[in-house]
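The file model.cif contains mmCIF, C-alpha atoms:
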```cif
data_entry
loop_
_atom_site.label_atom_id
_atom_site.label_comp_id
_atom_site.auth_asym_id
_atom_site.auth_seq_id
_atom_site.Cartn_x
_atom_site.Cartn_y
_atom_site.Cartn_z
CA MET A 32 14.13 -11.79 -10.88
CA ARG A 33 13.87 -9.08 -13.54
CA THR A 34 17.21 -7.88 -14.87
CA THR A 35 15.97 -4.27 -15.15
CA SER A 36 13.34 -3.23 -12.67
CA LYS A 37 10.88 -0.36 -12.96
CA PHE A 38 12.16 0.88 -9.62
CA ALA A 39 15.79 0.87 -10.75
CA VAL A 40 14.83 2.84 -13.84
CA ALA A 41 12.96 5.31 -11.64
CA LEU A 42 16.00 5.74 -9.39
CA THR A 43 18.20 6.42 -12.41
CA ALA A 44 15.73 8.96 -13.72
CA LEU A 45 15.74 10.74 -10.37
CA GLY A 46 19.51 10.86 -10.28
CA LEU A 47 19.41 9.32 -6.82
CA ALA A 48 23.17 9.22 -6.43
CA THR A 49 23.35 13.01 -6.22
CA MET A 50 19.81 13.91 -5.24
CA ALA A 51 19.44 16.00 -2.09
CA TYR A 52 16.24 14.78 -0.55
CA GLY A 53 16.30 14.78 3.21
CA HIS A 54 14.69 12.53 5.80
CA GLY A 55 17.09 13.11 8.64
CA ASP A 56 14.88 15.35 10.76
CA VAL A 57 12.02 12.82 10.92
CA ALA A 58 11.60 11.31 14.40
CA PRO A 59 10.37 7.70 14.02
CA GLN A 60 6.89 7.14 15.47
CA ALA A 61 6.01 3.82 17.10
CA VAL A 62 3.67 1.52 15.15
CA ASP A 63 1.13 -0.68 16.94
CA THR A 64 1.44 -4.11 15.31
CA ALA A 65 -1.06 -5.91 17.54
CA GLY A 66 -2.91 -8.53 15.52
CA LEU A 67 0.01 -9.43 13.25
CA PRO A 68 1.87 -12.73 13.62
CA GLU A 69 5.32 -12.29 15.11
CA VAL A 70 8.13 -13.11 12.70
CA GLY A 71 11.04 -13.52 15.12
CA GLU A 72 14.11 -11.47 15.92
CA GLU A 73 16.23 -12.37 12.90
CA TRP A 74 15.44 -10.04 10.02
CA LEU A 75 13.82 -11.68 7.02
CA THR A 76 14.64 -10.89 3.41
CA GLU A 77 11.15 -11.56 2.06
CA ASN A 78 7.81 -10.06 3.05
CA PRO A 79 5.99 -12.63 5.25
CA TYR A 80 2.65 -10.82 5.05
CA ARG A 81 1.91 -11.21 1.35
CA VAL A 82 -1.52 -12.62 0.64
CA ASP A 83 -0.23 -15.87 -0.89
CA ALA A 84 1.96 -16.57 2.15
CA ALA A 85 -0.11 -15.25 5.06
CA GLY A 86 -3.72 -15.45 3.83
CA GLU A 87 -6.14 -12.64 3.15
CA GLU A 88 -6.99 -11.83 6.78
CA VAL A 89 -3.37 -11.32 7.89
CA TRP A 90 -2.52 -9.59 4.61
CA PHE A 91 -5.30 -7.04 5.03
CA LYS A 92 -4.43 -6.49 8.70
CA ALA A 93 -0.86 -5.77 7.60
CA ILE A 94 -2.15 -3.24 5.08
CA GLN A 95 -4.21 -1.45 7.73
CA ILE A 96 -1.29 -1.30 10.17
CA GLY A 97 1.11 -0.38 7.38
CA ASP A 98 -1.19 2.44 6.28
CA SER A 99 -0.94 4.03 9.73
CA GLY A 100 2.79 3.35 10.02
CA TYR A 101 3.52 4.76 6.58
CA ASN A 102 1.59 7.96 7.18
CA GLN A 103 3.32 8.51 10.53
CA ASN A 104 6.85 7.82 9.33
CA CYS A 105 7.14 7.89 5.56
CA ALA A 106 4.55 10.13 3.92
CA ARG A 107 6.36 13.37 4.68
CA CYS A 108 9.10 12.47 2.20
CA HIS A 109 7.62 9.73 0.03
CA GLY A 110 4.15 11.27 -0.38
CA LEU A 111 0.61 10.53 0.75
CA GLY A 112 -0.61 7.19 -0.52
CA ALA A 113 3.05 6.45 -1.42
CA VAL A 114 2.71 8.79 -4.43
CA SER A 115 6.05 10.58 -4.56
CA GLY A 116 6.21 14.25 -5.43
CA GLY A 117 9.55 13.66 -7.14
CA LEU A 118 12.02 14.44 -4.34
CA ALA A 119 12.20 10.87 -3.03
CA PRO A 120 11.84 7.47 -4.72
CA ASP A 121 8.31 6.44 -5.63
CA LEU A 122 8.09 3.28 -3.55
CA ARG A 123 5.02 2.00 -5.40
CA TYR A 124 7.38 0.84 -8.15
CA LEU A 125 9.54 -1.24 -5.82
CA GLU A 126 8.88 -4.80 -7.01
CA ALA A 127 7.06 -7.17 -4.68
CA GLU A 128 9.76 -9.80 -4.96
CA GLU A 129 13.25 -10.63 -3.69
CA TYR A 130 15.09 -7.66 -5.20
CA GLY A 131 12.57 -5.15 -3.89
CA ASP A 132 12.39 -6.74 -0.45
CA GLU A 133 16.16 -6.74 -0.02
CA TRP A 134 16.48 -3.09 -1.08
CA TYR A 135 13.58 -2.06 1.14
CA VAL A 136 14.66 -3.86 4.32
CA GLU A 137 18.24 -2.60 3.99
CA ARG A 138 17.03 1.02 3.80
CA PHE A 139 14.44 0.51 6.54
CA ARG A 140 16.88 -1.04 8.98
CA HIS A 141 19.95 1.10 8.40
CA GLY A 142 18.71 4.28 6.78
CA TYR A 143 20.67 6.13 4.14
CA THR A 144 23.57 8.57 4.48
CA GLN A 145 25.17 10.56 1.69
CA ASN A 146 28.34 12.57 2.08
CA GLY A 147 27.97 12.48 5.85
CA THR A 148 24.38 13.73 5.76
CA THR A 149 21.49 11.54 6.91
CA LYS A 150 18.95 11.41 4.11
CA MET A 151 16.81 8.75 5.79
CA PRO A 152 16.97 7.70 9.45
CA ALA A 153 17.34 4.06 10.50
CA PHE A 154 13.92 2.74 11.49
CA GLY A 155 14.75 -0.92 12.10
CA GLU A 156 15.78 -0.93 15.74
CA LEU A 157 13.07 1.50 16.80
CA LEU A 158 10.08 0.07 14.92
CA GLY A 159 10.94 -3.61 14.47
CA GLN A 160 10.34 -5.87 11.53
CA GLU A 161 6.62 -6.51 12.01
CA ALA A 162 6.10 -2.77 11.42
CA ALA A 163 8.62 -2.84 8.58
CA TRP A 164 6.82 -5.57 6.68
CA ALA A 165 3.39 -4.09 7.39
CA ILE A 166 4.52 -0.82 5.83
CA ARG A 167 6.02 -2.75 2.93
CA THR A 168 2.71 -4.56 2.41
CA TYR A 169 0.81 -1.28 2.37
CA ILE A 170 3.19 0.28 -0.15
CA GLU A 171 3.31 -2.63 -2.58
CA THR A 172 -0.48 -2.98 -2.72
CA ARG A 173 -1.20 0.61 -3.78
CA PRO A 174 -3.44 0.48 -6.84
CA ASP A 175 -2.58 2.00 -10.19
CA GLY A 176 -4.34 5.38 -9.96
CA GLU A 177 -4.86 5.63 -13.72
CA GLN A 178 -6.71 2.32 -13.75
CA VAL A 179 -8.90 3.44 -10.85
CA ALA A 180 -9.71 6.62 -12.77
CA GLU A 181 -10.73 4.57 -15.82
CA HIS A 182 -13.47 2.95 -13.72
CA SER A 183 -14.55 6.14 -11.92
CA ASP A 184 -17.92 6.43 -13.67
CA ALA A 185 -18.87 2.85 -12.86
CA LEU A 186 -17.66 3.25 -9.27
CA ARG A 187 -19.73 6.41 -8.81
CA SER A 188 -22.79 4.62 -10.12
CA ILE A 189 -22.27 1.75 -7.68
CA ARG A 190 -21.62 4.24 -4.87
CA ASP A 191 -24.90 6.02 -5.54
CA GLN A 192 -26.80 2.73 -5.60
CA LEU A 193 -25.23 1.62 -2.31
CA ALA A 194 -26.06 4.96 -0.70
CA ALA A 195 -29.69 4.55 -1.79
CA TRP A 196 -29.84 1.03 -0.35
CA ALA A 197 -28.37 2.32 2.90
CA GLU A 198 -31.38 4.64 3.15
CA GLY A 199 -33.79 1.80 2.44
CA ASN A 200 -34.52 2.93 -1.13
CA GLY A 201 -34.82 0.37 -3.91
CA ASP A 202 -34.47 -3.39 -3.97
CA ALA A 203 -31.01 -4.20 -2.71
CA ASP A 204 -28.98 -6.80 -4.59
CA PRO A 205 -25.74 -7.16 -2.64
CA ASP A 206 -24.49 -10.12 -4.67
CA ALA A 207 -24.76 -8.17 -7.91
CA ALA A 208 -22.99 -5.15 -6.40
CA LYS A 209 -20.19 -7.31 -5.02
CA ALA A 210 -19.77 -9.08 -8.36
CA GLU A 211 -19.50 -5.76 -10.19
CA LEU A 212 -16.97 -4.43 -7.71
CA ASP A 213 -14.96 -7.65 -7.84
CA ALA A 214 -14.81 -7.42 -11.63
CA ILE A 215 -13.48 -3.86 -11.39
CA ALA A 216 -11.01 -4.83 -8.66
CA ALA A 217 -9.65 -7.63 -10.85
CA ASP A 218 -8.93 -5.05 -13.54
CA ILE A 219 -6.92 -2.76 -11.24
CA GLU A 220 -3.27 -3.69 -10.86
CA THR A 221 -0.43 -2.61 -8.61
CA LEU A 222 2.73 -0.87 -9.82
CA SER A 223 4.87 -3.32 -7.86
CA TYR A 224 3.56 -6.46 -9.56
CA ALA A 225 1.98 -7.55 -6.29
CA PRO A 226 -0.89 -9.86 -7.30
CA VAL A 227 -3.70 -8.03 -5.50
CA ALA A 228 -4.25 -4.26 -5.31
CA ASP A 229 -5.86 -2.79 -2.22
CA SER A 230 -8.22 -0.74 -4.35
CA ILE A 231 -11.44 0.98 -3.28
CA ALA A 232 -13.35 -1.56 -5.37
CA TRP A 233 -11.71 -4.44 -3.49
CA ARG A 234 -12.42 -2.85 -0.10
CA ALA A 235 -15.99 -1.83 -0.87
CA SER A 236 -16.88 -5.32 -2.08
CA ARG A 237 -15.81 -6.82 1.24
CA GLN A 238 -17.72 -4.25 3.23
CA ILE A 239 -21.05 -5.19 1.65
CA ASP A 240 -22.74 -7.64 4.00
CA GLY A 241 -26.42 -7.15 3.16
CA THR A 242 -27.03 -4.61 5.94
CA ASP A 243 -27.78 -0.92 5.71
CA ALA A 244 -24.62 -0.21 7.69
CA GLY A 245 -22.56 -2.28 5.26
CA TYR A 246 -23.98 -0.44 2.26
CA SER A 247 -23.24 2.88 3.94
CA THR A 248 -19.67 1.92 4.79
CA ALA A 249 -18.99 0.68 1.27
CA ALA A 250 -20.49 3.86 -0.22
CA ASP A 251 -18.27 5.96 2.04
CA THR A 252 -15.21 3.97 0.97
CA LEU A 253 -15.98 4.67 -2.68
CA THR A 254 -16.68 8.34 -2.00
CA VAL A 255 -13.40 8.91 -0.17
CA GLY A 256 -11.40 6.88 -2.67
CA LEU A 257 -12.87 8.62 -5.70
CA SER A 258 -12.18 11.99 -4.12
CA ALA A 259 -8.56 11.03 -3.45
CA ALA A 260 -8.17 9.78 -7.02
CA GLN A 261 -9.16 13.18 -8.35
#
```

Can you turn what I pasted into structure tokens?
Amino acid sequence: MRTTSKFAVALTALGLATMAYGHGDVAPQAVDTAGLPEVGEEWLTENPYRVDAAGEEVWFKAIQIGDSGYNQNCARCHGLGAVSGGLAPDLRYLEAEEYGDEWYVERFRHGYTQNGTTKMPAFGELLGQEAAWAIRTYIETRPDGEQVAEHSDALRSIRDQLAAWAEGNGDADPDAAKAELDAIAADIETLSYAPVADSIAWRASRQIDGTDAGYSTAADTLTVGLSAAQ
């Protein structure tokens, strides 16, 4: 475990002990966790859906469910895409390890109250831990936006090529496109030290299946992701 975490430094910089951000008026919204393995009633202290523990299929399902759950319950205060506007902790920096998991699950289950005022409601009883860990998986796999931006020109070029292939123009080479995207994905890290970032390069590579529809879907993923990065 790191003695000084990036997240702890961020909390200190925000002056969290006296900061008046407020979550109390947020009504928790149910999260559909169908498709995720159940993890039992006793709350865990470590994320069971990480790719090295659960495998890529479960890991990515957790990200998809966590994406929806985060946007319904967390984005209002912690920011779209988990990018904080400065009034609440930037959860992307919460380490994907024991310290981060323990801090996260404590806040998720019990909420946070300061001087008698609810700053964050308790989500644990209402949403359950499958939803909790899915949201955690989504947050910790957010890619470093600066690194995505560094590859924006190459990603646009690949996007344009995929769009052309989707229209039947040119000689498609899906293996070459996937290899290029995989190389970019390997160069994009998370801010949580999670080993794999759910970047647009990673997603687009897995959407390419040699069909026109696959090229179109991958091109759309790159288009939306590049737009968000800007």

- Shortest interatomic distance to Ala250 of chain A - which of A:Arg167, A:Leu222, A:Ala195, A:Ser183, counting only C-alpha atoms: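 Result for the nearest residue to Ala250 of chain A: A:Ala195.
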
- Compare A:Met151, A:Val89, A:Leu118, A:Ile239 by their minimum atom-to-atom distance to Cys105 of chain A, counting all atoms listed in the file, and give me the closest one.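 Among the listed residues, A:Met151 lies closest to Cys105 of chain A.
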
- Using atom CA of Thr149 of chain A and atom CA of Gly112 of chain A as the two end points, give the distance in Å to one decimal. 23.7 Å

- Query: Which one of A:Gly201, A:Gly245, A:Pro174, A:Pro79 sits closest to Asp229 of chain A if you count all atoms listed in the file?
  - Reply: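 Of A:Gly201, A:Gly245, A:Pro174, A:Pro79, the one nearest Asp229 of chain A is A:Pro174, counting all atoms listed in the file.
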
- Task: Tell me which of A:Gly241, A:Asp132, A:Ile231, A:Tyr224 sits closest to Ala207 of chain A, counting all atoms listed in the file.
- Result: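 Under the stated criterion, the closest residue is A:Gly241.
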
- Kindly give the distance, in Å, that separates atom CA of Phe91 of chain A and atom CA of Ala65 of chain A, rounded to a single decimal.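 Taking atom CA of Phe91 of chain A and atom CA of Ala65 of chain A, their separation equals 13.3 Å.
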
- Item | Shortest interatomic distance to Pro205 of chain A - which of A:Ile189, A:Ala84, A:Ala163, A:Ile219, counting only C-alpha atoms |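 Result for the nearest residue to Pro205 of chain A: A:Ile189.
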
- Between atom CA of Tyr130 of chain A and atom CA of Arg234 of chain A, distance in Å (one decimal):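 Atom CA of Tyr130 of chain A sits 28.4 Å away from atom CA of Arg234 of chain A.
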
Generate the missing atoms of segment 90-101 of chain A up to all heavy atoms and report them as a CSV table (one decimal), in the frame of the given file.
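Generated file (part08.csv):
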```csv
chain,number,residue,atom,x,y,z
A,90,TRP,N,-2.9,-10.5,5.6
A,90,TRP,CA,-2.5,-9.6,4.6
A,90,TRP,C,-3.2,-8.2,4.8
A,90,TRP,O,-2.6,-7.2,4.8
A,90,TRP,CB,-2.8,-10.2,3.2
A,90,TRP,CG,-2.6,-9.3,2.1
A,90,TRP,CD1,-1.4,-9.0,1.5
A,90,TRP,CD2,-3.7,-8.7,1.3
A,90,TRP,NE1,-1.7,-8.2,0.4
A,90,TRP,CE2,-3.0,-8.0,0.2
A,90,TRP,CE3,-5.1,-8.7,1.4
A,90,TRP,CZ2,-3.7,-7.3,-0.7
A,90,TRP,CZ3,-5.8,-8.0,0.4
A,90,TRP,CH2,-5.1,-7.3,-0.6
A,91,PHE,N,-4.5,-8.3,4.9
A,91,PHE,CA,-5.3,-7.0,5.0
A,91,PHE,C,-5.0,-6.3,6.4
A,91,PHE,O,-5.0,-5.1,6.4
A,91,PHE,CB,-6.8,-7.3,4.9
A,91,PHE,CG,-7.6,-6.0,4.8
A,91,PHE,CD1,-7.3,-5.1,3.8
A,91,PHE,CD2,-8.6,-5.8,5.7
A,91,PHE,CE1,-8.1,-3.9,3.8
A,91,PHE,CE2,-9.4,-4.6,5.6
A,91,PHE,CZ,-9.1,-3.7,4.7
A,92,LYS,N,-4.8,-7.1,7.4
A,92,LYS,CA,-4.4,-6.5,8.7
A,92,LYS,C,-3.1,-5.8,8.6
A,92,LYS,O,-2.9,-4.7,9.1
A,92,LYS,CB,-4.3,-7.6,9.8
A,92,LYS,CG,-4.1,-7.0,11.2
A,92,LYS,CD,-5.2,-6.2,11.7
A,92,LYS,CE,-5.0,-5.7,13.1
A,92,LYS,NZ,-6.1,-4.9,13.6
A,93,ALA,N,-2.2,-6.4,7.8
A,93,ALA,CA,-0.9,-5.8,7.6
A,93,ALA,C,-1.0,-4.5,6.8
A,93,ALA,O,-0.3,-3.5,7.1
A,93,ALA,CB,0.1,-6.7,6.9
A,94,ILE,N,-1.9,-4.5,5.8
A,94,ILE,CA,-2.2,-3.2,5.1
A,94,ILE,C,-2.7,-2.1,6.0
A,94,ILE,O,-2.2,-1.0,5.9
A,94,ILE,CB,-3.1,-3.5,3.9
A,94,ILE,CG1,-2.5,-4.4,2.9
A,94,ILE,CG2,-3.6,-2.2,3.3
A,94,ILE,CD1,-3.5,-4.8,1.8
A,95,GLN,N,-3.6,-2.5,6.8
A,95,GLN,CA,-4.2,-1.4,7.7
A,95,GLN,C,-3.2,-0.9,8.7
A,95,GLN,O,-3.1,0.3,8.9
A,95,GLN,CB,-5.4,-2.1,8.5
A,95,GLN,CG,-6.6,-2.4,7.7
A,95,GLN,CD,-7.6,-3.1,8.5
A,95,GLN,OE1,-7.4,-4.1,9.2
A,95,GLN,NE2,-8.9,-2.6,8.4
A,96,ILE,N,-2.3,-1.8,9.3
A,96,ILE,CA,-1.3,-1.3,10.2
A,96,ILE,C,-0.2,-0.5,9.4
A,96,ILE,O,0.3,0.5,9.8
A,96,ILE,CB,-0.7,-2.5,10.9
A,96,ILE,CG1,-1.7,-3.1,11.9
A,96,ILE,CG2,0.6,-2.1,11.6
A,96,ILE,CD1,-1.3,-4.3,12.6
A,97,GLY,N,0.1,-1.0,8.2
A,97,GLY,CA,1.1,-0.4,7.4
A,97,GLY,C,0.7,1.0,6.9
A,97,GLY,O,1.5,1.9,6.8
A,98,ASP,N,-0.6,1.1,6.7
A,98,ASP,CA,-1.2,2.4,6.3
A,98,ASP,C,-0.9,3.5,7.4
A,98,ASP,O,-0.4,4.6,7.1
A,98,ASP,CB,-2.7,2.3,6.1
A,98,ASP,CG,-3.4,3.5,5.6
A,98,ASP,OD1,-2.8,4.6,5.6
A,98,ASP,OD2,-4.6,3.5,5.2
A,99,SER,N,-1.2,3.1,8.6
A,99,SER,CA,-0.9,4.0,9.7
A,99,SER,C,0.6,4.3,9.9
A,99,SER,O,1.0,5.4,10.0
A,99,SER,CB,-1.5,3.4,11.0
A,99,SER,OG,-1.2,4.2,12.1
A,100,GLY,N,1.3,3.2,9.8
A,100,GLY,CA,2.8,3.4,10.0
A,100,GLY,C,3.4,4.2,8.9
A,100,GLY,O,4.3,5.0,9.2
A,101,TYR,N,3.0,4.0,7.7
A,101,TYR,CA,3.5,4.8,6.6
A,101,TYR,C,3.2,6.2,6.8
A,101,TYR,O,4.1,7.1,6.6
A,101,TYR,CB,2.9,4.3,5.3
A,101,TYR,CG,3.4,5.1,4.1
A,101,TYR,CD1,4.6,4.8,3.4
A,101,TYR,CD2,2.7,6.2,3.7
A,101,TYR,CE1,5.0,5.5,2.3
A,101,TYR,CE2,3.1,7.0,2.6
A,101,TYR,CZ,4.3,6.7,2.0
A,101,TYR,OH,4.7,7.4,0.9
```
